[in-house]
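So this block is upload-v4.csv, CSV, C-alpha atoms:
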chain,number,residue,atom,x,y,z
A,1,VAL,CA,101.1,98.5,55.7
A,2,LYS,CA,97.3,98.1,56.3
A,3,ASN,CA,98.0,95.0,58.3
A,4,HIS,CA,100.6,96.7,60.3
A,5,GLU,CA,98.3,99.6,61.1
A,6,ARG,CA,95.6,97.2,62.1
A,7,ARG,CA,98.0,95.3,64.4
A,8,GLU,CA,99.1,98.6,66.0
A,9,ARG,CA,95.4,99.6,66.5
A,10,THR,CA,94.6,96.3,68.2
A,11,ARG,CA,97.7,96.5,70.4
A,12,LEU,CA,96.7,100.0,71.5
A,13,ALA,CA,93.1,99.0,72.2
A,14,LEU,CA,94.4,96.1,74.3
A,15,ILE,CA,96.9,98.3,76.2
A,16,VAL,CA,94.2,100.9,77.0
A,17,ALA,CA,91.8,98.2,78.1
A,18,ALA,CA,94.5,96.6,80.3
A,19,MET,CA,95.1,100.0,82.0
A,20,GLU,CA,91.4,100.5,82.6
A,21,CYS,CA,91.0,97.0,84.0
A,22,ALA,CA,94.1,97.5,86.3
A,23,GLN,CA,92.7,100.8,87.5
A,24,GLU,CA,89.3,99.2,88.3
A,25,VAL,CA,90.2,95.8,89.7
A,26,GLY,CA,93.9,96.3,90.5
A,27,TYR,CA,97.0,94.4,89.2
A,28,GLY,CA,96.4,91.4,91.4
A,29,ARG,CA,93.1,90.6,89.9
A,30,LEU,CA,93.8,91.6,86.3
A,31,ARG,CA,92.5,88.9,83.9
A,32,THR,CA,93.3,88.7,80.2
A,33,ALA,CA,89.7,87.5,79.5
A,34,ASP,CA,88.4,90.8,81.0
A,35,VAL,CA,90.9,92.9,79.0
A,36,SER,CA,90.0,91.3,75.7
A,37,ARG,CA,86.3,91.6,76.4
A,38,ARG,CA,86.7,95.3,77.2
A,39,ALA,CA,88.7,95.9,74.0
A,40,GLY,CA,85.9,94.1,72.1
A,41,LEU,CA,88.3,91.4,71.0
A,42,SER,CA,88.7,87.7,71.5
A,43,GLU,CA,91.2,86.3,74.0
A,44,GLY,CA,92.9,84.6,71.1
A,45,SER,CA,93.5,87.9,69.5
A,46,LEU,CA,94.9,89.3,72.7
A,47,PHE,CA,97.4,86.4,72.9
A,48,ARG,CA,98.4,87.0,69.2
A,49,SER,CA,99.4,90.6,70.2
A,50,PHE,CA,100.8,89.7,73.6
A,51,PRO,CA,101.9,86.1,74.0
A,52,THR,CA,101.8,86.3,77.8
A,53,LYS,CA,100.0,88.4,80.4
A,54,LEU,CA,103.4,89.7,81.4
A,55,ASP,CA,104.0,91.1,77.9
A,56,LEU,CA,100.6,92.9,78.1
A,57,VAL,CA,101.3,94.3,81.6
A,58,THR,CA,104.8,95.5,80.5
A,59,ALA,CA,103.3,97.3,77.5
A,60,ALA,CA,100.6,98.9,79.7
A,61,VAL,CA,103.2,100.1,82.2
A,62,GLU,CA,105.2,101.6,79.4
A,63,TYR,CA,102.2,103.3,78.0
A,64,ALA,CA,101.1,104.6,81.5
A,65,MET,CA,104.6,106.0,82.1
A,66,ALA,CA,104.7,107.7,78.7
A,67,GLN,CA,101.3,109.3,79.5
A,68,HIS,CA,102.6,110.4,82.9
A,69,GLN,CA,105.7,111.9,81.3
A,70,GLU,CA,103.5,113.8,78.8
A,71,ARG,CA,101.3,115.1,81.6
A,72,VAL,CA,104.4,116.3,83.5
A,73,VAL,CA,105.8,118.2,80.5
A,74,THR,CA,102.4,119.7,79.5
A,75,GLU,CA,101.7,120.9,83.1
A,76,PHE,CA,105.1,122.4,83.6
A,77,VAL,CA,105.1,124.1,80.2
A,78,GLY,CA,101.5,125.2,80.5
A,79,LEU,CA,102.1,127.1,83.8
A,80,THR,CA,100.5,130.6,83.5
A,81,VAL,CA,102.2,131.8,86.7
A,82,PRO,CA,105.9,132.0,87.3
A,83,LEU,CA,107.2,128.8,88.8
A,84,ASP,CA,107.7,129.0,92.6
A,85,PHE,CA,108.1,126.2,95.1
A,86,GLU,CA,104.5,126.2,96.1
A,87,THR,CA,103.3,125.9,92.5
A,88,ALA,CA,105.9,123.2,91.9
A,89,LEU,CA,104.9,121.1,95.0
A,90,ARG,CA,101.2,121.3,94.2
A,91,LEU,CA,101.8,120.3,90.7
A,92,MET,CA,104.0,117.4,91.8
A,93,TRP,CA,101.2,116.2,94.1
A,94,ARG,CA,98.6,116.4,91.4
A,95,LEU,CA,100.8,114.5,88.9
A,96,LEU,CA,102.0,111.8,91.4
A,97,SER,CA,98.4,111.1,92.7
A,98,HIS,CA,96.9,111.0,89.2
A,99,PRO,CA,94.5,108.0,88.9
A,100,GLU,CA,96.1,106.7,85.7
A,101,LEU,CA,99.5,106.5,87.5
A,102,VAL,CA,98.4,105.1,90.9
A,103,TRP,CA,97.8,101.5,89.6
A,104,THR,CA,101.5,101.3,88.6
A,105,TYR,CA,102.4,101.8,92.3
A,106,GLU,CA,100.5,98.7,93.2
A,107,MET,CA,102.2,96.9,90.3
A,108,SER,CA,105.5,98.2,91.3
A,109,SER,CA,105.1,96.8,94.9
A,110,ALA,CA,104.0,93.4,93.4
A,111,ALA,CA,107.3,93.5,91.4
A,112,SER,CA,109.2,93.5,94.7
A,113,THR,CA,108.2,89.9,95.3
A,114,ASP,CA,107.9,88.8,91.7
A,115,ALA,CA,111.3,88.6,90.0
A,116,GLU,CA,109.9,88.0,86.5
A,117,LEU,CA,107.7,91.1,86.8
A,118,ARG,CA,110.6,93.1,88.3
A,119,ASN,CA,112.9,92.2,85.4
A,120,ALA,CA,110.3,93.2,82.9
A,121,ILE,CA,109.2,96.6,84.4
A,122,ALA,CA,112.3,97.8,86.3
A,123,PRO,CA,114.0,99.2,83.2
A,124,ILE,CA,110.8,100.9,82.1
A,125,LEU,CA,110.3,102.5,85.5
A,126,GLN,CA,113.9,103.6,85.5
A,127,ALA,CA,114.1,105.1,82.0
A,128,HIS,CA,110.8,106.9,82.6
A,129,SER,CA,111.7,108.3,86.0
A,130,ASP,CA,115.1,109.4,84.7
A,131,ALA,CA,113.4,111.4,82.0
A,132,VAL,CA,110.7,112.9,84.2
A,133,ASP,CA,113.2,113.8,86.9
A,134,ALA,CA,115.6,115.4,84.5
A,135,PHE,CA,112.7,117.6,83.2
A,136,ALA,CA,111.4,118.6,86.6
A,137,ILE,CA,114.8,119.2,88.0
A,138,ALA,CA,115.7,121.5,85.1
A,139,ALA,CA,112.6,123.5,85.8
A,140,LEU,CA,113.4,123.7,89.5
A,141,LYS,CA,117.0,124.7,88.9
A,142,HIS,CA,115.9,128.3,88.4
A,143,LEU,CA,114.8,128.5,92.0
A,144,SER,CA,116.9,129.0,95.1
A,145,ILE,CA,118.1,125.4,95.8
A,146,PRO,CA,121.8,125.0,94.9
A,147,GLU,CA,122.5,122.6,92.0
A,148,HIS,CA,124.1,119.9,94.1
A,149,ASP,CA,121.0,119.7,96.3
A,150,VAL,CA,118.2,120.0,93.7
A,151,VAL,CA,118.1,116.3,92.9
A,152,LYS,CA,118.2,115.3,96.6
A,153,ALA,CA,115.4,117.7,97.5
A,154,PHE,CA,113.4,116.6,94.5
A,155,ASN,CA,113.8,112.9,95.5
A,156,VAL,CA,112.7,113.6,99.1
A,157,VAL,CA,109.5,115.3,97.9
A,158,THR,CA,108.8,112.6,95.2
A,159,TRP,CA,109.3,109.7,97.6
A,160,THR,CA,107.2,111.4,100.3
A,161,MET,CA,104.3,112.1,98.0
A,162,GLN,CA,104.4,108.6,96.4
A,163,SER,CA,104.3,106.9,99.8
A,164,LEU,CA,101.5,109.2,101.0
A,165,VAL,CA,99.5,108.2,97.9
A,166,VAL,CA,100.0,104.5,98.7
A,167,ARG,CA,99.3,105.0,102.4
A,168,ASP,CA,96.1,106.8,101.6
A,169,LEU,CA,95.0,103.9,99.3
A,170,GLY,CA,95.0,101.7,102.4
A,171,ARG,CA,93.2,104.1,104.7
A,172,GLY,CA,91.3,106.5,102.6
A,173,PRO,CA,92.3,110.1,101.7
A,174,SER,CA,94.0,111.7,104.7
A,175,GLY,CA,94.5,115.2,103.3
A,176,HIS,CA,98.0,115.1,104.8
A,177,GLU,CA,99.6,116.4,101.6
A,178,GLU,CA,98.5,119.9,102.7
A,179,SER,CA,100.5,119.9,105.9
A,180,ILE,CA,103.5,118.2,104.2
A,181,ILE,CA,103.5,120.8,101.4
A,182,LYS,CA,103.4,123.6,103.9
A,183,TYR,CA,106.2,122.0,106.0
A,184,VAL,CA,108.4,121.4,102.9
A,185,LEU,CA,107.9,125.1,101.9
A,186,ARG,CA,109.0,126.2,105.3
A,187,ALA,CA,112.0,123.8,105.2
A,188,ILE,CA,113.2,125.1,101.8
A,189,ASP,CA,112.8,128.6,103.1
A,190,GLN,CA,114.8,128.0,106.2
A,191,VAL,CA,117.5,125.9,104.5
A,192,TYR,CA,118.0,127.8,101.3
A,193,GLY,CA,116.6,131.3,101.9
A,194,SER,CA,113.4,133.0,100.8
A,195,ALA,CA,111.6,131.3,98.0
A,196,GLU,CA,109.6,134.4,97.0
A,197,ASN,CA,112.7,136.2,95.8
A,198,ASN,CA,113.6,133.4,93.5
A,199,ALA,CA,110.5,133.1,91.3
A,200,VAL,CA,111.4,133.2,87.6
A,201,PRO,CA,109.1,134.4,84.9
B,202,LEU,CA,102.8,94.4,122.8
B,203,VAL,CA,105.0,92.6,125.4
B,204,GLU,CA,102.3,90.1,125.9
B,205,ASP,CA,102.2,89.6,122.2
B,206,ALA,CA,105.9,89.1,122.0
B,207,VAL,CA,105.7,86.4,124.7
B,208,THR,CA,102.8,84.5,123.1
B,209,ARG,CA,104.6,84.6,119.8
B,210,ASN,CA,107.6,82.7,121.1
B,211,PRO,CA,106.5,79.0,121.3
B,212,THR,CA,109.2,78.3,123.9
B,213,ALA,CA,108.2,81.1,126.1
B,214,GLN,CA,104.9,79.5,126.9
B,215,ARG,CA,103.2,76.2,126.6
B,216,LEU,CA,100.5,76.6,124.0
B,217,SER,CA,97.5,74.5,123.5
B,218,GLY,CA,97.3,72.5,120.3
B,219,ARG,CA,94.7,74.9,118.9
B,220,GLU,CA,96.8,77.9,119.6
B,221,ASN,CA,99.9,76.1,118.2
B,222,SER,CA,98.3,75.4,114.9
B,223,ARG,CA,96.9,79.0,114.6
B,224,GLU,CA,100.4,80.3,115.4
B,225,ALA,CA,102.1,77.9,112.9
B,226,ILE,CA,99.7,79.1,110.1
B,227,LEU,CA,100.3,82.7,111.0
B,228,VAL,CA,104.1,82.3,110.9
B,229,ALA,CA,103.8,80.4,107.6
B,230,ALA,CA,101.6,83.2,106.2
B,231,LEU,CA,104.1,85.9,107.1
B,232,ASP,CA,106.9,83.8,105.5
B,233,THR,CA,104.9,83.3,102.3
B,234,LEU,CA,103.8,86.9,102.1
B,235,SER,CA,107.4,88.2,102.3
B,236,GLU,CA,108.4,85.7,99.6
B,237,VAL,CA,105.6,86.0,97.1
B,238,GLY,CA,103.7,89.1,98.1
B,239,TYR,CA,100.0,89.5,98.6
B,240,SER,CA,98.7,89.0,95.0
B,241,ARG,CA,100.3,85.6,94.7
B,242,LEU,CA,99.4,84.3,98.2
B,243,ARG,CA,97.7,80.9,98.1
B,244,THR,CA,96.2,79.5,101.2
B,245,ALA,CA,97.2,76.0,100.0
B,246,THR,CA,100.9,77.1,100.1
B,247,VAL,CA,100.5,78.5,103.6
B,248,SER,CA,98.9,75.4,105.0
B,249,ALA,CA,101.5,73.2,103.4
B,250,LYS,CA,104.3,75.3,104.8
B,251,ALA,CA,102.7,75.1,108.3
B,252,GLY,CA,102.4,71.3,107.8
B,253,LEU,CA,98.7,71.4,108.2
B,254,SER,CA,95.6,70.9,106.1
B,255,GLU,CA,93.9,73.7,104.2
B,256,GLY,CA,90.8,72.8,106.2
B,257,SER,CA,92.7,73.5,109.4
B,258,LEU,CA,93.7,76.9,108.0
B,259,PHE,CA,90.1,77.8,107.2
B,260,HIS,CA,89.1,76.6,110.7
B,261,HIS,CA,91.3,79.3,112.2
B,262,PHE,CA,90.9,81.9,109.4
B,263,PRO,CA,87.5,81.6,107.7
B,264,THR,CA,88.8,83.5,104.6
B,265,LYS,CA,92.0,84.6,103.0
B,266,VAL,CA,91.2,88.2,104.0
B,267,HIS,CA,91.0,87.1,107.7
B,268,LEU,CA,94.4,85.4,107.4
B,269,VAL,CA,96.0,88.4,105.7
B,270,ALA,CA,94.5,90.8,108.3
B,271,ALA,CA,95.9,88.7,111.1
B,272,ALA,CA,99.3,88.6,109.4
B,273,ALA,CA,99.2,92.4,108.8
B,274,GLU,CA,98.4,93.0,112.5
B,275,ARG,CA,101.2,90.8,113.6
B,276,ALA,CA,103.7,92.3,111.1
B,277,PHE,CA,102.7,95.8,112.2
B,278,ALA,CA,103.1,94.8,115.9
B,279,ASP,CA,106.6,93.5,115.1
B,280,ILE,CA,107.6,96.7,113.4
B,281,VAL,CA,106.4,98.8,116.3
B,282,ASN,CA,108.2,96.4,118.8
B,283,ASP,CA,111.3,96.8,116.7
B,284,ALA,CA,111.1,100.6,116.7
B,285,VAL,CA,110.6,100.7,120.5
B,286,GLU,CA,113.6,98.5,121.0
B,287,SER,CA,115.8,100.3,118.5
B,288,TYR,CA,115.1,103.7,120.1
B,289,ALA,CA,115.6,102.6,123.7
B,290,ASP,CA,118.7,104.4,125.2
B,291,VAL,CA,119.6,106.0,122.0
B,292,ASP,CA,121.8,109.2,121.9
B,293,LEU,CA,119.2,111.9,121.0
B,294,THR,CA,121.9,114.4,120.0
B,295,ASP,CA,123.0,112.2,117.1
B,296,THR,CA,120.7,113.2,114.2
B,297,LYS,CA,122.2,110.9,111.7
B,298,LEU,CA,122.0,107.9,114.0
B,299,LEU,CA,118.3,108.6,114.7
B,300,LEU,CA,117.7,108.7,111.0
B,301,GLN,CA,119.7,105.5,110.3
B,302,LYS,CA,117.7,103.7,112.9
B,303,LEU,CA,114.4,104.8,111.4
B,304,PHE,CA,115.6,103.6,108.0
B,305,ALA,CA,116.5,100.2,109.5
B,306,VAL,CA,113.0,99.9,111.1
B,307,LEU,CA,111.2,100.8,107.9
B,308,SER,CA,113.4,98.3,105.9
B,309,ALA,CA,111.9,95.3,107.6
B,310,LYS,CA,111.1,92.6,105.0
B,311,GLN,CA,107.4,92.6,106.0
B,312,VAL,CA,107.1,96.2,104.9
B,313,THR,CA,107.2,95.3,101.2
B,314,TRP,CA,104.1,93.2,101.1
B,315,LEU,CA,102.3,95.6,103.5
B,316,HIS,CA,102.9,98.2,100.8
B,317,GLU,CA,101.4,96.0,98.2
B,318,LEU,CA,98.4,95.3,100.4
B,319,PHE,CA,97.9,99.1,100.9
B,320,ALA,CA,97.6,99.5,97.2
B,321,ALA,CA,95.4,96.4,96.7
B,322,THR,CA,92.8,97.7,99.2
B,323,ARG,CA,92.0,100.4,96.7
B,324,VAL,CA,90.0,98.1,94.6
B,325,ASP,CA,88.9,95.4,97.0
B,326,PRO,CA,86.1,96.6,99.4
B,327,ASP,CA,86.3,93.4,101.5
B,328,LEU,CA,90.0,93.9,102.1
B,329,TYR,CA,89.5,97.6,102.6
B,330,ALA,CA,86.8,97.1,105.3
B,331,VAL,CA,89.1,94.7,107.3
B,332,PHE,CA,92.4,96.4,106.6
B,333,ALA,CA,91.7,100.2,106.8
B,334,PRO,CA,91.2,100.2,110.6
B,335,ILE,CA,94.5,98.2,111.1
B,336,VAL,CA,96.4,100.5,108.8
B,337,SER,CA,94.9,103.5,110.5
B,338,SER,CA,95.8,102.5,114.0
B,339,THR,CA,99.2,101.3,113.1
B,340,SER,CA,100.3,104.3,111.1
B,341,ASP,CA,99.0,106.4,114.0
B,342,THR,CA,101.1,104.4,116.4
B,343,VAL,CA,104.2,104.6,114.2
B,344,ASP,CA,103.7,108.3,113.7
B,345,ALA,CA,103.2,108.9,117.4
B,346,LEU,CA,106.3,106.9,118.2
B,347,ALA,CA,108.4,108.9,115.7
B,348,ALA,CA,106.8,112.2,117.1
B,349,SER,CA,107.8,111.2,120.6
B,350,VAL,CA,111.4,110.6,119.6
B,351,ILE,CA,111.5,113.9,117.7
B,352,ARG,CA,109.9,115.7,120.7
B,353,SER,CA,112.4,114.2,123.2
B,354,THR,CA,115.3,115.8,121.3
B,355,GLY,CA,114.0,119.1,122.7
B,356,LEU,CA,115.0,120.9,119.5
B,357,ILE,CA,112.0,120.8,117.3
B,358,PRO,CA,109.1,123.3,117.7
B,359,GLU,CA,105.8,121.6,118.5
B,360,ALA,CA,104.2,122.8,115.2
B,361,ASP,CA,106.9,121.0,113.2
B,362,VAL,CA,106.8,117.6,115.0
B,363,VAL,CA,104.0,115.9,113.2
B,364,PRO,CA,104.8,117.0,109.6
B,365,LEU,CA,108.5,116.3,110.2
B,366,ALA,CA,107.7,112.8,111.4
B,367,ALA,CA,105.5,112.2,108.4
B,368,THR,CA,108.0,113.5,105.9
B,369,LEU,CA,110.9,111.4,107.3
B,370,ILE,CA,108.9,108.2,107.4
B,371,LEU,CA,107.2,108.7,104.0
B,372,SER,CA,110.4,109.7,102.2
B,373,MET,CA,112.3,106.7,103.5
B,374,GLN,CA,109.3,104.4,102.7
B,375,GLY,CA,109.3,105.8,99.2
B,376,LEU,CA,112.9,105.0,98.6
B,377,ILE,CA,112.6,101.5,100.1
B,378,ALA,CA,109.6,100.8,97.9
B,379,ARG,CA,111.4,102.0,94.9
B,380,ASP,CA,114.5,99.9,95.6
B,381,ALA,CA,112.3,96.8,96.2
B,382,ALA,CA,110.7,97.2,92.8
B,383,ARG,CA,113.8,98.2,90.8
B,384,GLY,CA,116.7,96.9,92.6
B,385,GLU,CA,119.1,98.6,95.0
B,386,SER,CA,119.8,102.2,94.0
B,387,GLY,CA,122.3,102.8,96.7
B,388,LEU,CA,120.6,106.1,97.5
B,389,ALA,CA,119.9,105.3,101.2
B,390,THR,CA,123.1,106.9,102.4
B,391,GLU,CA,122.6,110.0,100.3
B,392,LEU,CA,119.0,110.4,101.6
B,393,ILE,CA,120.1,110.0,105.3
B,394,ASP,CA,123.0,112.4,104.8
B,395,TYR,CA,120.7,115.0,103.1
B,396,LEU,CA,118.0,114.7,105.8
B,397,THR,CA,120.7,115.1,108.5
B,398,PHE,CA,122.0,118.2,106.8
B,399,VAL,CA,118.4,119.7,106.4
B,400,LEU,CA,117.5,118.9,110.0
B,401,GLU,CA,120.7,120.3,111.4
B,402,THR,CA,120.5,123.4,109.3
B,403,MET,CA,116.8,124.0,110.3
B,404,TYR,CA,117.1,123.2,114.0
B,405,LEU,CA,120.7,123.7,115.0
B,406,PRO,CA,121.2,127.2,113.7
B,407,ALA,CA,124.5,127.6,115.6
B,408,LYS,CA,126.1,125.2,113.2
B,409,PRO,CA,127.8,127.1,110.3
B,410,ALA,CA,126.5,126.3,106.9
B,411,THR,CA,130.1,125.5,105.7
B,412,GLU,CA,129.9,122.2,107.6
B,413,GLN,CA,127.1,120.9,105.5
B,414,GLN,CA,127.5,117.5,104.0
B,415,LEU,CA,127.5,117.4,100.3

Is it possible to express this structure as structure tokens?
Amino acid sequence: VKNHERRERTRLALIVAAMECAQEVGYGRLRTADVSRRAGLSEGSLFRSFPTKLDLVTAAVEYAMAQHQERVVTEFVGLTVPLDFETALRLMWRLLSHPELVWTYEMSSAASTDAELRNAIAPILQAHSDAVDAFAIAALKHLSIPEHDVVKAFNVVTWTMQSLVVRDLGRGPSGHEESIIKYVLRAIDQVYGSAENNAVP
Amino acid sequence: LVEDAVTRNPTAQRLSGRENSREAILVAALDTLSEVGYSRLRTATVSAKAGLSEGSLFHHFPTKVHLVAAAAERAFADIVNDAVESYADVDLTDTKLLLQKLFAVLSAKQVTWLHELFAATRVDPDLYAVFAPIVSSTSDTVDALAASVIRSTGLIPEADVVPLAATLILSMQGLIARDAARGESGLATELIDYLTFVLETMYLPAKPATEQQL
């Protein structure tokens, strides 16, 4: 049991170190030697926990996604005001542009041209996004968008925000999220009727 | 852009040996980037594909960053050319067709590695310094192009033109990036249908809501 606990602690230290390295230097320049050094362990010990770099990266993605999911749930549950569309959109932007999530976007684009990476992480991304989407959609269902359109509207907003985060990485913060949020609010209002009357406690 | 399209086609113009080898390296870099992406790009692979020495590559492009910047510039120019061609003589009253064409332009195979490059610039100051101005001017060009198509429909209030263009382009890019990383979701048709419904509801108020596409 003691050994098992120690193994788990080592694994977690390496996963956290890998996430930190990926945040700092990016996925493309992630080196196992840097990860083990940051975790205060030898590279040999890293390879005992994670036989390949891909195993380590996969575990780090899984961890980052679980953290993201936890943030989503905590933020939505912790709302002190009734959920309205503006609150929901600002929350979505904050969650989707979170620094601990942004490195996974880079990795996810690397997966588009790397079949091995894609096979390893696609199921994780899918499972996670299904869970997060289901949660957020359930929260939004109380508002004015009819049920058959909630998922579609949610997808449009999610994809728009994720692309804006990636685009801003390449050119610096644009602040465009502000005008997009305002526009989406107006669109919801025009297509589905007034959002204000639909706030739920 | 037209000049660029001419110089790119080796048969269109007799190029000097120097220009020829630069062009061969650039074409090989674009091929390699769309195959393996930015993080796994090796200059040795590119020069081998071009049938030239790595020394010759470095003669034309002193560093890998220079090479990638030139490739990005070319890829962006191609995407812009594509967009211009694809919207020439289009039926501006067909919302769905306009959206389908936008999706096709944004699905160009070069877009995937450009996306990866956007993200990589975050942590690479050298890459950022070279690449940020290119991204900036190209996104501005693409946005302006989309805005001009939207404006020419004559249906969209001026205040909506820019945020609408941004939302359309970004939402499509998001789905394309997601599908590239996870495999085809088949959601493209649904997205285009939904955006068509939203735009027609917002801007063609005469159309009764019962006609909406589900």

Residues near segment 10-17 of chain A, anyone? I mean within 12 Å using only C-alpha atoms, not counting same-chain ones fewer than 4 positions away, as a PDB file with C-alpha atoms, in the coordinates of the input.
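Output file result_19.pdb follows:
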ATOM      1  CA  ASN A   3      98.000  95.000  58.300  1.00  0.00           C
ATOM      2  CA  HIS A   4     100.600  96.700  60.300  1.00  0.00           C
ATOM      3  CA  GLU A   5      98.300  99.600  61.100  1.00  0.00           C
ATOM      4  CA  ARG A   6      95.600  97.200  62.100  1.00  0.00           C
ATOM      5  CA  CYS A  21      91.000  97.000  84.000  1.00  0.00           C
ATOM      6  CA  ALA A  22      94.100  97.500  86.300  1.00  0.00           C
ATOM      7  CA  GLN A  23      92.700 100.800  87.500  1.00  0.00           C
ATOM      8  CA  GLU A  24      89.300  99.200  88.300  1.00  0.00           C
ATOM      9  CA  VAL A  25      90.200  95.800  89.700  1.00  0.00           C
ATOM     10  CA  LEU A  30      93.800  91.600  86.300  1.00  0.00           C
ATOM     11  CA  ARG A  31      92.500  88.900  83.900  1.00  0.00           C
ATOM     12  CA  THR A  32      93.300  88.700  80.200  1.00  0.00           C
ATOM     13  CA  ALA A  33      89.700  87.500  79.500  1.00  0.00           C
ATOM     14  CA  ASP A  34      88.400  90.800  81.000  1.00  0.00           C
ATOM     15  CA  VAL A  35      90.900  92.900  79.000  1.00  0.00           C
ATOM     16  CA  SER A  36      90.000  91.300  75.700  1.00  0.00           C
ATOM     17  CA  ARG A  37      86.300  91.600  76.400  1.00  0.00           C
ATOM     18  CA  ARG A  38      86.700  95.300  77.200  1.00  0.00           C
ATOM     19  CA  ALA A  39      88.700  95.900  74.000  1.00  0.00           C
ATOM     20  CA  GLY A  40      85.900  94.100  72.100  1.00  0.00           C
ATOM     21  CA  LEU A  41      88.300  91.400  71.000  1.00  0.00           C
ATOM     22  CA  SER A  42      88.700  87.700  71.500  1.00  0.00           C
ATOM     23  CA  GLU A  43      91.200  86.300  74.000  1.00  0.00           C
ATOM     24  CA  SER A  45      93.500  87.900  69.500  1.00  0.00           C
ATOM     25  CA  LEU A  46      94.900  89.300  72.700  1.00  0.00           C
ATOM     26  CA  PHE A  47      97.400  86.400  72.900  1.00  0.00           C
ATOM     27  CA  ARG A  48      98.400  87.000  69.200  1.00  0.00           C
ATOM     28  CA  SER A  49      99.400  90.600  70.200  1.00  0.00           C
ATOM     29  CA  PHE A  50     100.800  89.700  73.600  1.00  0.00           C
ATOM     30  CA  PRO A  51     101.900  86.100  74.000  1.00  0.00           C
ATOM     31  CA  LYS A  53     100.000  88.400  80.400  1.00  0.00           C
ATOM     32  CA  LEU A  54     103.400  89.700  81.400  1.00  0.00           C
ATOM     33  CA  ASP A  55     104.000  91.100  77.900  1.00  0.00           C
ATOM     34  CA  LEU A  56     100.600  92.900  78.100  1.00  0.00           C
ATOM     35  CA  VAL A  57     101.300  94.300  81.600  1.00  0.00           C
ATOM     36  CA  THR A  58     104.800  95.500  80.500  1.00  0.00           C
ATOM     37  CA  ALA A  59     103.300  97.300  77.500  1.00  0.00           C
ATOM     38  CA  ALA A  60     100.600  98.900  79.700  1.00  0.00           C
ATOM     39  CA  VAL A  61     103.200 100.100  82.200  1.00  0.00           C
ATOM     40  CA  GLU A  62     105.200 101.600  79.400  1.00  0.00           C
ATOM     41  CA  TYR A  63     102.200 103.300  78.000  1.00  0.00           C
ATOM     42  CA  ALA A  64     101.100 104.600  81.500  1.00  0.00           C
ATOM     43  CA  GLN A  67     101.300 109.300  79.500  1.00  0.00           C
ATOM     44  CA  GLU A 100      96.100 106.700  85.700  1.00  0.00           C
TER      45      GLU A 100
END

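Proximity ranking of A:Lys141, A:Glu106, A:Pro123, A:Phe85 relative to Ala187 of chain A places A:Phe85 first, based on all atoms listed in the file.
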
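Separating atom CA of Arg352 of chain B from atom CA of Glu177 of chain A is a distance of 21.7 Å.
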
- Please identify every residue of chain B that has at least one atom no more than 9 Å from any atom of chain A, counting only C-alpha atoms, and report them as a PyMOL selection string. chain B and resi 234-241+313-314+316-325+329+332-337+340+361+364-365+367-376+378-384+391-392+395-396+399-400+402-403+415

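Picture a line from atom CA of Ile351 of chain B to atom CA of Phe398 of chain B; it runs 15.7 Å.
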
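One finds atom CA of Thr294 of chain B at 6.9 Å from atom CA of Thr354 of chain B.
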
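If you count all atoms listed in the file and ignore residues fewer than 4 places along the chain from Asp232 of chain B, what sits within 10 Å of it is Ile226, Leu227, Val228, Glu236, Val237, Gly238, Val247, Lys250, Ala272, Lys310 and Gln311 of chain B.
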
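Counting all atoms listed in the file, the residue from B:Thr339, B:Thr244, B:Ser349, B:Gln301 that sits nearest to Gly256 of chain B is B:Thr244.
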
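If you measure from each of B:Glu255, B:Asp283, B:Asp290, B:Glu359 to Phe304 of chain B using only C-alpha atoms, the closest one turns out to be B:Asp283.
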
Could segment 355-363 of chain B be completed with N, CA and C atoms and returned as a PDB file, in the frame of the given file?
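Here's the written file out.pdb:
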ATOM      1  N   GLY B 355     114.110 117.754 122.136  1.00  0.00           N
ATOM      2  CA  GLY B 355     114.000 119.100 122.700  1.00  0.00           C
ATOM      3  C   GLY B 355     114.371 120.210 121.768  1.00  0.00           C
ATOM      4  N   LEU B 356     114.568 119.891 120.485  1.00  0.00           N
ATOM      5  CA  LEU B 356     115.000 120.900 119.500  1.00  0.00           C
ATOM      6  C   LEU B 356     113.978 121.349 118.537  1.00  0.00           C
ATOM      7  N   ILE B 357     112.911 120.561 118.431  1.00  0.00           N
ATOM      8  CA  ILE B 357     112.000 120.800 117.300  1.00  0.00           C
ATOM      9  C   ILE B 357     110.712 121.503 117.875  1.00  0.00           C
ATOM     10  N   PRO B 358     110.346 122.647 117.263  1.00  0.00           N
ATOM     11  CA  PRO B 358     109.100 123.300 117.700  1.00  0.00           C
ATOM     12  C   PRO B 358     107.909 122.414 117.534  1.00  0.00           C
ATOM     13  N   GLU B 359     106.976 122.497 118.445  1.00  0.00           N
ATOM     14  CA  GLU B 359     105.800 121.600 118.500  1.00  0.00           C
ATOM     15  C   GLU B 359     105.089 121.568 117.111  1.00  0.00           C
ATOM     16  N   ALA B 360     104.963 122.734 116.463  1.00  0.00           N
ATOM     17  CA  ALA B 360     104.200 122.800 115.200  1.00  0.00           C
ATOM     18  C   ALA B 360     104.870 121.948 114.103  1.00  0.00           C
ATOM     19  N   ASP B 361     106.177 121.713 114.246  1.00  0.00           N
ATOM     20  CA  ASP B 361     106.900 121.000 113.200  1.00  0.00           C
ATOM     21  C   ASP B 361     106.917 119.470 113.437  1.00  0.00           C
ATOM     22  N   VAL B 362     106.613 119.046 114.656  1.00  0.00           N
ATOM     23  CA  VAL B 362     106.800 117.600 115.000  1.00  0.00           C
ATOM     24  C   VAL B 362     106.089 116.665 114.116  1.00  0.00           C
ATOM     25  N   VAL B 363     104.785 116.882 113.957  1.00  0.00           N
ATOM     26  CA  VAL B 363     104.000 115.900 113.200  1.00  0.00           C
ATOM     27  C   VAL B 363     104.355 115.918 111.688  1.00  0.00           C
TER      28      VAL B 363
END
